[in-house]
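J.: Sending over upload_8.cif (mmCIF, C-alpha atoms and all ligand atoms).
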```cif
data_data
loop_
_atom_site.label_atom_id
_atom_site.label_comp_id
_atom_site.auth_asym_id
_atom_site.auth_seq_id
_atom_site.Cartn_x
_atom_site.Cartn_y
_atom_site.Cartn_z
CA MET F 28 107.38 104.06 119.21
CA THR F 29 108.33 100.37 119.10
CA HIS F 30 112.05 99.70 119.55
CA PRO F 31 113.45 98.13 116.35
CA ASN F 32 114.69 95.11 118.32
CA SER F 33 111.59 94.61 120.43
CA PRO F 34 109.45 91.57 119.54
CA ALA F 35 106.53 92.41 117.25
CA ALA F 36 103.09 92.43 118.94
CA PRO F 37 101.39 89.08 118.30
CA ILE F 38 98.69 89.25 115.67
CA LEU F 39 95.47 88.22 117.34
CA SER F 40 92.92 86.10 115.52
CA GLN F 41 89.30 87.25 115.26
CA ASP F 42 88.42 84.59 117.83
CA GLU F 43 91.02 85.96 120.26
CA LEU F 44 89.70 89.51 119.73
CA LYS F 45 86.20 88.27 120.59
CA THR F 46 87.55 86.66 123.77
CA LEU F 47 89.28 89.93 124.72
CA VAL F 48 86.17 92.08 124.34
CA GLY F 49 84.00 89.44 126.00
CA GLN F 50 86.24 89.57 129.04
CA ALA F 51 86.50 93.38 128.94
CA ALA F 52 82.70 93.65 129.13
CA LEU F 53 82.78 92.25 132.69
CA GLN F 54 83.74 95.72 133.93
CA TYR F 55 80.23 96.93 132.99
CA VAL F 56 78.44 94.21 134.96
CA VAL F 57 76.94 95.60 138.15
CA SER F 58 77.48 93.39 141.17
CA GLY F 59 74.24 91.92 142.57
CA ASP F 60 72.31 92.73 139.38
CA ILE F 61 70.63 90.86 136.57
CA VAL F 62 72.51 91.30 133.28
CA GLY F 63 71.00 91.57 129.79
CA VAL F 64 72.74 89.10 127.49
CA GLY F 65 72.74 89.17 123.69
CA THR F 66 73.44 86.46 121.13
CA GLY F 67 76.30 85.38 118.89
CA SER F 68 79.87 84.16 118.86
CA THR F 69 81.21 87.29 120.61
CA VAL F 70 78.52 87.12 123.28
CA ASN F 71 79.39 83.45 123.81
CA LYS F 72 82.84 84.65 124.94
CA PHE F 73 81.14 87.12 127.27
CA ILE F 74 78.92 84.37 128.71
CA ASP F 75 82.00 82.24 129.36
CA ALA F 76 83.63 85.19 131.15
CA LEU F 77 80.42 85.92 133.06
CA ALA F 78 80.44 82.37 134.41
CA THR F 79 83.70 83.19 136.24
CA ILE F 80 81.86 85.85 138.30
CA LYS F 81 78.46 84.17 138.46
CA ASP F 82 78.44 84.29 142.26
CA GLN F 83 78.50 88.10 142.06
CA ILE F 84 75.32 88.46 139.95
CA LYS F 85 71.70 87.41 140.36
CA GLY F 86 71.44 86.10 136.82
CA ALA F 87 70.63 87.13 133.27
CA VAL F 88 67.82 88.04 130.90
CA SER F 89 68.61 86.31 127.64
CA SER F 90 67.90 87.35 124.04
CA SER F 91 67.70 83.87 122.49
CA GLU F 92 67.19 80.19 123.13
CA ALA F 93 70.86 79.63 122.20
CA SER F 94 72.16 82.09 124.82
CA THR F 95 69.71 80.72 127.39
CA LEU F 96 71.08 77.22 126.87
CA ARG F 97 74.67 78.40 127.28
CA LEU F 98 73.89 80.51 130.35
CA LYS F 99 72.06 77.66 132.05
CA ALA F 100 74.75 75.13 131.15
CA LEU F 101 77.25 77.36 132.95
CA GLY F 102 75.03 77.68 136.02
CA ILE F 103 73.79 81.25 135.45
CA PRO F 104 70.08 81.65 136.32
CA VAL F 105 67.95 83.02 133.47
CA PHE F 106 65.01 85.32 134.24
CA ASP F 107 61.98 86.02 132.06
CA SER F 108 62.17 89.53 130.64
CA ASN F 109 58.72 90.29 132.14
CA GLU F 110 60.01 89.62 135.65
CA VAL F 111 62.60 92.40 135.43
CA PRO F 112 61.34 95.95 134.81
CA GLN F 113 64.77 97.41 134.10
CA LEU F 114 68.31 96.18 133.53
CA SER F 115 71.39 98.27 134.23
CA VAL F 116 73.28 96.89 131.27
CA TYR F 117 72.80 94.90 128.09
CA ILE F 118 75.85 93.31 126.47
CA ASP F 119 75.61 92.25 122.84
CA GLY F 120 77.53 92.01 119.59
CA ALA F 121 76.76 93.61 116.23
CA ASP F 122 77.14 92.92 112.54
CA GLU F 123 77.96 96.59 111.91
CA ILE F 124 78.38 99.62 114.16
CA ASP F 125 78.90 103.20 113.04
CA GLY F 126 80.55 106.16 114.74
CA HIS F 127 77.29 107.10 116.50
CA GLY F 128 76.59 103.70 118.09
CA HIS F 129 73.93 102.82 115.50
CA MET F 130 74.09 99.16 114.58
CA VAL F 131 72.94 96.48 112.19
CA LYS F 132 72.11 93.29 114.07
CA GLY F 133 70.38 90.00 113.44
CA GLY F 134 73.07 87.95 111.71
CA GLY F 135 72.24 85.32 114.31
CA ALA F 136 68.46 85.73 113.74
CA ALA F 137 67.88 86.93 117.32
CA LEU F 138 67.18 90.59 116.53
CA THR F 139 63.64 90.77 117.94
CA ARG F 140 64.48 89.55 121.42
CA GLU F 141 67.74 91.51 121.28
CA LYS F 142 65.82 94.72 120.67
CA ILE F 143 63.39 93.88 123.48
CA VAL F 144 66.17 93.30 126.02
CA ALA F 145 68.08 96.35 124.77
CA ALA F 146 64.93 98.45 125.26
CA GLN F 147 64.62 97.42 128.90
CA SER F 148 68.28 98.26 129.61
CA ILE F 149 69.74 101.58 130.69
CA ARG F 150 73.02 101.04 128.87
CA PHE F 151 73.87 99.03 125.74
CA VAL F 152 77.49 97.87 125.63
CA CYS F 153 78.39 96.54 122.20
CA ILE F 154 81.27 94.08 121.95
CA ALA F 155 82.82 93.57 118.54
CA ASP F 156 86.04 93.09 116.66
CA GLU F 157 87.17 96.04 114.57
CA SER F 158 85.93 94.52 111.30
CA LYS F 159 82.43 95.55 112.46
CA LEU F 160 83.17 99.30 112.62
CA VAL F 161 81.83 101.08 109.50
CA ASP F 162 81.41 104.66 108.29
CA LYS F 163 77.87 103.96 107.09
CA LEU F 164 75.49 101.07 107.80
CA GLY F 165 74.25 98.93 104.92
CA LYS F 166 77.04 96.76 103.55
CA PHE F 167 76.06 93.79 105.72
CA PRO F 168 72.77 92.32 104.39
CA LEU F 169 70.12 93.84 106.64
CA PRO F 170 68.17 91.22 108.63
CA VAL F 171 64.45 91.84 109.01
CA GLU F 172 62.18 89.45 110.92
CA VAL F 173 58.80 89.24 109.22
CA ILE F 174 55.48 87.40 109.38
CA PRO F 175 55.62 84.86 106.51
CA MET F 176 52.35 85.97 104.84
CA ALA F 177 53.78 89.48 104.39
CA ALA F 178 57.14 88.40 102.95
CA GLN F 179 56.48 89.08 99.24
CA ARG F 180 54.96 92.48 99.88
CA ILE F 181 57.85 93.53 102.14
CA MET F 182 60.39 92.26 99.60
CA ALA F 183 58.68 94.44 96.97
CA GLN F 184 58.85 97.46 99.32
CA PHE F 185 62.60 96.93 99.76
CA ALA F 186 62.99 96.56 95.96
CA ALA F 187 61.32 99.97 95.56
CA MET F 188 64.07 101.36 97.84
CA GLY F 189 66.81 99.73 95.74
CA GLY F 190 67.30 96.72 98.02
CA GLN F 191 67.34 93.04 97.08
CA ALA F 192 65.68 90.93 99.77
CA SER F 193 65.87 87.18 100.07
CA ILE F 194 64.43 84.74 102.58
CA ARG F 195 67.12 83.31 104.88
CA LEU F 196 67.38 79.56 104.52
CA LYS F 197 68.61 76.81 106.81
CA ASP F 198 69.09 73.31 105.38
CA GLY F 199 67.24 74.46 102.25
CA GLN F 200 64.16 75.62 104.15
CA PRO F 201 63.21 79.08 105.49
CA LEU F 202 64.95 79.59 108.80
CA ILE F 203 62.37 79.81 111.60
CA THR F 204 63.24 82.20 114.42
CA ASP F 205 62.76 81.66 118.16
CA ASN F 206 59.49 83.58 117.65
CA GLY F 207 58.21 81.27 114.88
CA GLN F 208 58.73 83.84 112.09
CA ILE F 209 61.16 84.15 109.13
CA ILE F 210 64.09 86.43 108.29
CA LEU F 211 64.66 88.50 105.15
CA ASP F 212 68.23 89.57 104.37
CA VAL F 213 68.34 92.77 102.33
CA LEU F 214 71.34 93.73 100.20
CA GLY F 215 72.09 97.04 98.51
CA LEU F 216 70.45 99.49 100.91
CA GLN F 217 71.84 102.97 101.51
CA ILE F 218 71.05 103.66 105.17
CA GLU F 219 71.79 107.39 105.30
CA ASP F 220 69.63 108.13 108.34
CA PRO F 221 69.41 105.03 110.60
CA LEU F 222 66.83 106.55 112.97
CA ALA F 223 64.44 107.53 110.17
CA PHE F 224 65.03 104.24 108.35
CA GLU F 225 64.25 102.18 111.46
CA THR F 226 61.10 104.22 112.14
CA GLN F 227 59.89 103.84 108.55
CA VAL F 228 60.47 100.10 108.07
CA SER F 229 59.14 99.23 111.54
CA GLN F 230 55.76 100.59 110.44
CA TRP F 231 55.31 98.29 107.45
CA PRO F 232 52.60 95.71 108.12
CA GLY F 233 54.15 92.31 108.75
CA VAL F 234 57.54 93.59 109.88
CA VAL F 235 58.26 92.18 113.32
CA THR F 236 61.66 93.80 113.77
CA VAL F 237 64.12 95.55 111.49
CA GLY F 238 67.79 94.89 112.25
CA VAL F 239 68.74 98.58 112.41
CA PHE F 240 69.31 99.46 116.07
CA ALA F 241 69.26 103.27 116.11
CA HIS F 242 66.51 103.86 118.67
CA GLN F 243 68.22 101.20 120.81
CA LYS F 244 71.75 102.24 119.94
CA ALA F 245 74.90 101.41 121.87
CA GLN F 246 76.23 103.89 124.44
CA VAL F 247 79.58 102.10 124.59
CA CYS F 248 81.46 99.89 122.15
CA LEU F 249 84.36 97.69 123.23
CA LEU F 250 86.23 97.15 120.00
CA GLY F 251 88.85 94.43 119.67
CA THR F 252 91.79 95.86 117.71
CA ALA F 253 95.33 94.72 116.91
CA THR F 254 96.56 96.92 119.75
CA GLY F 255 94.01 95.81 122.33
CA VAL F 256 90.51 96.76 123.39
CA LYS F 257 89.49 100.26 122.33
CA THR F 258 86.52 101.89 124.12
CA LEU F 259 84.21 104.06 122.02
CA MET F 260 81.59 106.17 123.84
CA PHE F 261 78.57 107.54 122.02
C1 LIG M 1 72.57 88.01 116.51
C2 LIG M 1 73.33 89.28 116.42
C3 LIG M 1 74.77 89.25 116.75
O1 LIG M 1 75.02 90.18 117.75
C4 LIG M 1 75.56 89.61 115.53
O2 LIG M 1 75.17 88.74 114.46
C5 LIG M 1 77.06 89.47 115.79
O3 LIG M 1 77.38 88.14 115.97
P1 LIG M 1 78.87 87.64 116.17
O4 LIG M 1 79.32 88.10 117.51
O5 LIG M 1 78.76 86.14 116.05
O6 LIG M 1 79.70 88.23 115.05
O7 LIG M 1 72.81 90.32 116.10
O8 LIG M 1 71.25 88.14 116.08
#
```
Go ahead and express the file in the form of structure tokens.
T.:
Amino acid sequence: MTHPNSPAAPILSQDELKTLVGQAALQYVVSGDIVGVGTGSTVNKFIDALATIKDQIKGAVSSSEASTLRLKALGIPVFDSNEVPQLSVYIDGADEIDGHGHMVKGGGAALTREKIVAAQSIRFVCIADESKLVDKLGKFPLPVEVIPMAAQRIMAQFAAMGGQASIRLKDGQPLITDNGQIILDVLGLQIEDPLAFETQVSQWPGVVTVGVFAHQKAQVCLLGTATGVKTLMF
């Protein structure tokens, strides 16, 4: 119990929580190894922390052009995913994570390469602030990377499920991913069974990657909370 006269714990901003979990993720980096690196503002904090121990690792496999730029700027070598059969750990953020380690990802449009690097990694460590922890996935608009010629058909398929899909725009134009494709953001979905949902949508022609990560779920989540970093194991 806190003593009535003791100073109140400082309230940390979301940015400070991201820094905390980014630094905490260093404990999962295996010395001498190549590290899988995700994308986003939380991962940027991890990359900054990783730079402080860069002499202890061989380098990174990156999940986006943005992360690659940051890694290289900080002097961390970046390897092609094809050069590295297996990674011991993949560190990435999430837009939502549930109590089983299932996630929604792709708010930063990097979901396809994120899923690829996650799939080649033994352990997925998710880093997130506590606003990302949910009982059920689906409140965050679900990102889906698609081939442009299939967009209308896929939007209709989501509508039949009760979802409202829209094409993600940047500067008034469809956002083009690192893979030259577009992103749909789908509102209003009830994702009761993330594994089954991911399997189903992944099979629709023209879907490159659906932003549900249930087959590539997290094994660990480092959650930034008001009282510090909480570790969830799944
Ligand atoms: C990018 C992602 C990110 O991991 C997700 O959007 C979380 O980002 P942030 O750490 O900025 O909140 O999936 O495609």
J.: Find the residue from F:Val256, F:Met130, F:Ile84, F:Met182 that sits nearest to Ser58 in chain F; use only C-alpha atoms when measuring.
T.: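 Among the listed residues, F:Ile84 lies closest to Ser58 in chain F.
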J.: For a test of reading the model, state the distance in Å between CA of Val56 in chain F and CA of Thr236 in chain F, rounded to one decimal.
T.: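 Distance between the two atoms: 27.0 Å.
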J.: Please, which residues in chain F fall within 7 Å of ligand LIG 1 (chain M) when counting only C-alpha atoms and all ligand atoms, and what is the closest atom pair and distance in Å to one decimal for each, ordered by chain then residue number, as a Markdown table?
T.:
```
| residue | atom | partner | partner_atom | distance |
| --- | --- | --- | --- | --- |
| F:Gly65 | CA | M:LIG1 | O1 | 6.4 |
| F:Thr66 | CA | M:LIG1 | C1 | 5.0 |
| F:Gly67 | CA | M:LIG1 | O5 | 3.8 |
| F:Ser68 | CA | M:LIG1 | O5 | 3.6 |
| F:Thr69 | CA | M:LIG1 | O4 | 3.7 |
| F:Val70 | CA | M:LIG1 | O4 | 5.9 |
| F:Asp119 | CA | M:LIG1 | O1 | 5.5 |
| F:Gly120 | CA | M:LIG1 | O1 | 3.6 |
| F:Ala121 | CA | M:LIG1 | O1 | 4.1 |
| F:Asp122 | CA | M:LIG1 | C4 | 4.7 |
| F:Lys132 | CA | M:LIG1 | O7 | 3.7 |
| F:Gly133 | CA | M:LIG1 | O8 | 3.3 |
| F:Gly134 | CA | M:LIG1 | O2 | 3.5 |
| F:Gly135 | CA | M:LIG1 | O8 | 3.5 |
| F:Ala136 | CA | M:LIG1 | O8 | 4.4 |
| F:Ala137 | CA | M:LIG1 | O8 | 3.8 |
| F:Leu138 | CA | M:LIG1 | O8 | 4.8 |
| F:Ala155 | CA | M:LIG1 | O4 | 6.6 |
```
J.: Could you give me the centre and size, in Å to one decimal, of an axis-aligned box around all listed atoms of range 151-165 of chain F with 3 Å added on every side, as lines of an AutoDock Vina configuration file?
T.:
```
center_x = 80.5
center_y = 98.9
center_z = 115.3
size_x = 19.3
size_y = 17.6
size_z = 26.8
```
J.: Find the spatial neighbours of Asp75 in chain F, counting all atoms listed in the file, within a cut-off of 12 Å - ignore same-chain residues fewer than 6 positions away - and output them as a PyMOL selection string.
T.: chain F and resi 45-50+52-53+64+68-69+81+94+97-103
J.: To one decimal place, how far is CA of Glu92 in chain F from CA of Glu141 in chain F in Å?
T.: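 One can read the CA of Glu92 in chain F to CA of Glu141 in chain F distance as 11.5 Å.
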J.: For Phe73 in chain F, which of F:Pro112, F:Val237, F:Gln191, F:Leu44 is the closest residue, counting all atoms listed in the file?
T.: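 Counting all atoms listed in the file, the residue closest to Phe73 in chain F is F:Leu44.
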J.: Neighbouring residues of Ile209 in chain F were defined as those with any atom within 10 Å, considering only C-alpha atoms; residues of the same chain fewer than 5 positions away were excluded. Please report them as an mmCIF file with C-alpha atoms, in the frame of the given file.
T.:
```
data_model
loop_
_atom_site.group_PDB
_atom_site.id
_atom_site.type_symbol
_atom_site.label_atom_id
_atom_site.label_comp_id
_atom_site.auth_asym_id
_atom_site.auth_seq_id
_atom_site.Cartn_x
_atom_site.Cartn_y
_atom_site.Cartn_z
ATOM 1 C CA ALA F 136 68.460 85.730 113.740
ATOM 2 C CA PRO F 170 68.170 91.220 108.630
ATOM 3 C CA VAL F 171 64.450 91.840 109.010
ATOM 4 C CA GLU F 172 62.180 89.450 110.920
ATOM 5 C CA VAL F 173 58.800 89.240 109.220
ATOM 6 C CA ILE F 174 55.480 87.400 109.380
ATOM 7 C CA PRO F 175 55.620 84.860 106.510
ATOM 8 C CA MET F 176 52.350 85.970 104.840
ATOM 9 C CA ALA F 178 57.140 88.400 102.950
ATOM 10 C CA ILE F 194 64.430 84.740 102.580
ATOM 11 C CA ARG F 195 67.120 83.310 104.880
ATOM 12 C CA LEU F 196 67.380 79.560 104.520
ATOM 13 C CA PRO F 201 63.210 79.080 105.490
ATOM 14 C CA LEU F 202 64.950 79.590 108.800
ATOM 15 C CA ILE F 203 62.370 79.810 111.600
ATOM 16 C CA THR F 204 63.240 82.200 114.420
ATOM 17 C CA VAL F 235 58.260 92.180 113.320
#
```
J.: Got a moment to write range 146-168 of chain F out with N, CA, C and O atoms, as a PDB file, in the first residue's frame?
T.:
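Wrote decode_0.pdb, looks like this:
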```
ATOM      1  N   ALA F 146       6.869 -15.317 -38.957  1.00  0.00           N
ATOM      2  CA  ALA F 146       6.804 -16.745 -39.282  1.00  0.00           C
ATOM      3  C   ALA F 146       8.181 -17.404 -39.263  1.00  0.00           C
ATOM      4  O   ALA F 146       8.287 -18.616 -39.091  1.00  0.00           O
ATOM      5  N   GLN F 147       9.227 -16.631 -39.465  1.00  0.00           N
ATOM      6  CA  GLN F 147      10.561 -17.236 -39.463  1.00  0.00           C
ATOM      7  C   GLN F 147      11.213 -17.146 -38.080  1.00  0.00           C
ATOM      8  O   GLN F 147      12.383 -17.484 -37.933  1.00  0.00           O
ATOM      9  N   SER F 148      10.443 -16.697 -37.084  1.00  0.00           N
ATOM     10  CA  SER F 148      10.996 -16.499 -35.740  1.00  0.00           C
ATOM     11  C   SER F 148      10.423 -17.510 -34.753  1.00  0.00           C
ATOM     12  O   SER F 148       9.246 -17.867 -34.828  1.00  0.00           O
ATOM     13  N   ILE F 149      11.264 -17.946 -33.845  1.00  0.00           N
ATOM     14  CA  ILE F 149      10.827 -18.931 -32.848  1.00  0.00           C
ATOM     15  C   ILE F 149       9.875 -18.279 -31.843  1.00  0.00           C
ATOM     16  O   ILE F 149       8.891 -18.863 -31.428  1.00  0.00           O
ATOM     17  N   ARG F 150      10.175 -17.040 -31.472  1.00  0.00           N
ATOM     18  CA  ARG F 150       9.386 -16.385 -30.430  1.00  0.00           C
ATOM     19  C   ARG F 150       8.999 -14.975 -30.867  1.00  0.00           C
ATOM     20  O   ARG F 150       9.842 -14.226 -31.348  1.00  0.00           O
ATOM     21  N   PHE F 151       7.715 -14.651 -30.706  1.00  0.00           N
ATOM     22  CA  PHE F 151       7.217 -13.299 -31.007  1.00  0.00           C
ATOM     23  C   PHE F 151       7.033 -12.576 -29.679  1.00  0.00           C
ATOM     24  O   PHE F 151       6.238 -12.996 -28.842  1.00  0.00           O
ATOM     25  N   VAL F 152       7.783 -11.498 -29.504  1.00  0.00           N
ATOM     26  CA  VAL F 152       7.618 -10.660 -28.306  1.00  0.00           C
ATOM     27  C   VAL F 152       6.914  -9.375 -28.739  1.00  0.00           C
ATOM     28  O   VAL F 152       7.468  -8.584 -29.514  1.00  0.00           O
ATOM     29  N   CYS F 153       5.702  -9.206 -28.252  1.00  0.00           N
ATOM     30  CA  CYS F 153       4.922  -8.011 -28.587  1.00  0.00           C
ATOM     31  C   CYS F 153       5.215  -6.920 -27.564  1.00  0.00           C
ATOM     32  O   CYS F 153       5.255  -7.198 -26.353  1.00  0.00           O
ATOM     33  N   ILE F 154       5.429  -5.713 -28.042  1.00  0.00           N
ATOM     34  CA  ILE F 154       5.642  -4.583 -27.130  1.00  0.00           C
ATOM     35  C   ILE F 154       4.527  -3.566 -27.375  1.00  0.00           C
ATOM     36  O   ILE F 154       4.274  -3.181 -28.520  1.00  0.00           O
ATOM     37  N   ALA F 155       3.858  -3.176 -26.299  1.00  0.00           N
ATOM     38  CA  ALA F 155       2.685  -2.322 -26.479  1.00  0.00           C
ATOM     39  C   ALA F 155       2.373  -1.587 -25.181  1.00  0.00           C
ATOM     40  O   ALA F 155       2.735  -2.050 -24.098  1.00  0.00           O
ATOM     41  N   ASP F 156       1.686  -0.466 -25.321  1.00  0.00           N
ATOM     42  CA  ASP F 156       1.174   0.165 -24.101  1.00  0.00           C
ATOM     43  C   ASP F 156      -0.188  -0.452 -23.792  1.00  0.00           C
ATOM     44  O   ASP F 156      -0.798  -1.082 -24.662  1.00  0.00           O
ATOM     45  N   GLU F 157      -0.662  -0.264 -22.568  1.00  0.00           N
ATOM     46  CA  GLU F 157      -1.821  -1.058 -22.129  1.00  0.00           C
ATOM     47  C   GLU F 157      -3.113  -0.715 -22.862  1.00  0.00           C
ATOM     48  O   GLU F 157      -4.081  -1.470 -22.781  1.00  0.00           O
ATOM     49  N   SER F 158      -3.124   0.398 -23.607  1.00  0.00           N
ATOM     50  CA  SER F 158      -4.340   0.718 -24.373  1.00  0.00           C
ATOM     51  C   SER F 158      -4.589  -0.337 -25.454  1.00  0.00           C
ATOM     52  O   SER F 158      -5.694  -0.435 -25.990  1.00  0.00           O
ATOM     53  N   LYS F 159      -3.569  -1.140 -25.790  1.00  0.00           N
ATOM     54  CA  LYS F 159      -3.711  -2.117 -26.875  1.00  0.00           C
ATOM     55  C   LYS F 159      -4.324  -3.450 -26.410  1.00  0.00           C
ATOM     56  O   LYS F 159      -4.682  -4.283 -27.229  1.00  0.00           O
ATOM     57  N   LEU F 160      -4.392  -3.647 -25.089  1.00  0.00           N
ATOM     58  CA  LEU F 160      -4.910  -4.926 -24.571  1.00  0.00           C
ATOM     59  C   LEU F 160      -6.441  -4.922 -24.618  1.00  0.00           C
ATOM     60  O   LEU F 160      -7.079  -4.018 -24.059  1.00  0.00           O
ATOM     61  N   VAL F 161      -7.025  -5.918 -25.290  1.00  0.00           N
ATOM     62  CA  VAL F 161      -8.491  -5.972 -25.459  1.00  0.00           C
ATOM     63  C   VAL F 161      -9.012  -7.358 -25.065  1.00  0.00           C
ATOM     64  O   VAL F 161      -8.264  -8.340 -25.085  1.00  0.00           O
ATOM     65  N   ASP F 162     -10.303  -7.413 -24.747  1.00  0.00           N
ATOM     66  CA  ASP F 162     -10.920  -8.719 -24.470  1.00  0.00           C
ATOM     67  C   ASP F 162     -11.129  -9.469 -25.774  1.00  0.00           C
ATOM     68  O   ASP F 162     -10.980 -10.687 -25.835  1.00  0.00           O
ATOM     69  N   LYS F 163     -11.544  -8.735 -26.793  1.00  0.00           N
ATOM     70  CA  LYS F 163     -11.854  -9.358 -28.091  1.00  0.00           C
ATOM     71  C   LYS F 163     -11.339  -8.464 -29.204  1.00  0.00           C
ATOM     72  O   LYS F 163     -11.510  -7.241 -29.146  1.00  0.00           O
ATOM     73  N   LEU F 164     -10.712  -9.075 -30.225  1.00  0.00           N
ATOM     74  CA  LEU F 164     -10.195  -8.300 -31.355  1.00  0.00           C
ATOM     75  C   LEU F 164     -11.350  -7.765 -32.201  1.00  0.00           C
ATOM     76  O   LEU F 164     -12.383  -8.418 -32.318  1.00  0.00           O
ATOM     77  N   GLY F 165     -11.153  -6.591 -32.810  1.00  0.00           N
ATOM     78  CA  GLY F 165     -12.129  -6.137 -33.804  1.00  0.00           C
ATOM     79  C   GLY F 165     -12.536  -4.687 -33.692  1.00  0.00           C
ATOM     80  O   GLY F 165     -13.174  -4.164 -34.607  1.00  0.00           O
ATOM     81  N   LYS F 166     -12.176  -4.026 -32.578  1.00  0.00           N
ATOM     82  CA  LYS F 166     -12.561  -2.620 -32.470  1.00  0.00           C
ATOM     83  C   LYS F 166     -11.684  -1.762 -33.394  1.00  0.00           C
ATOM     84  O   LYS F 166     -12.164  -0.865 -34.076  1.00  0.00           O
ATOM     85  N   PHE F 167     -10.392  -2.054 -33.405  1.00  0.00           N
ATOM     86  CA  PHE F 167      -9.478  -1.334 -34.303  1.00  0.00           C
ATOM     87  C   PHE F 167      -9.818  -1.759 -35.738  1.00  0.00           C
ATOM     88  O   PHE F 167      -9.976  -2.950 -36.012  1.00  0.00           O
ATOM     89  N   PRO F 168      -9.944  -0.797 -36.664  1.00  0.00           N
ATOM     90  CA  PRO F 168     -10.251  -1.178 -38.056  1.00  0.00           C
ATOM     91  C   PRO F 168      -9.209  -2.165 -38.578  1.00  0.00           C
ATOM     92  O   PRO F 168      -8.018  -1.888 -38.539  1.00  0.00           O
TER      93      PRO F 168
END
```
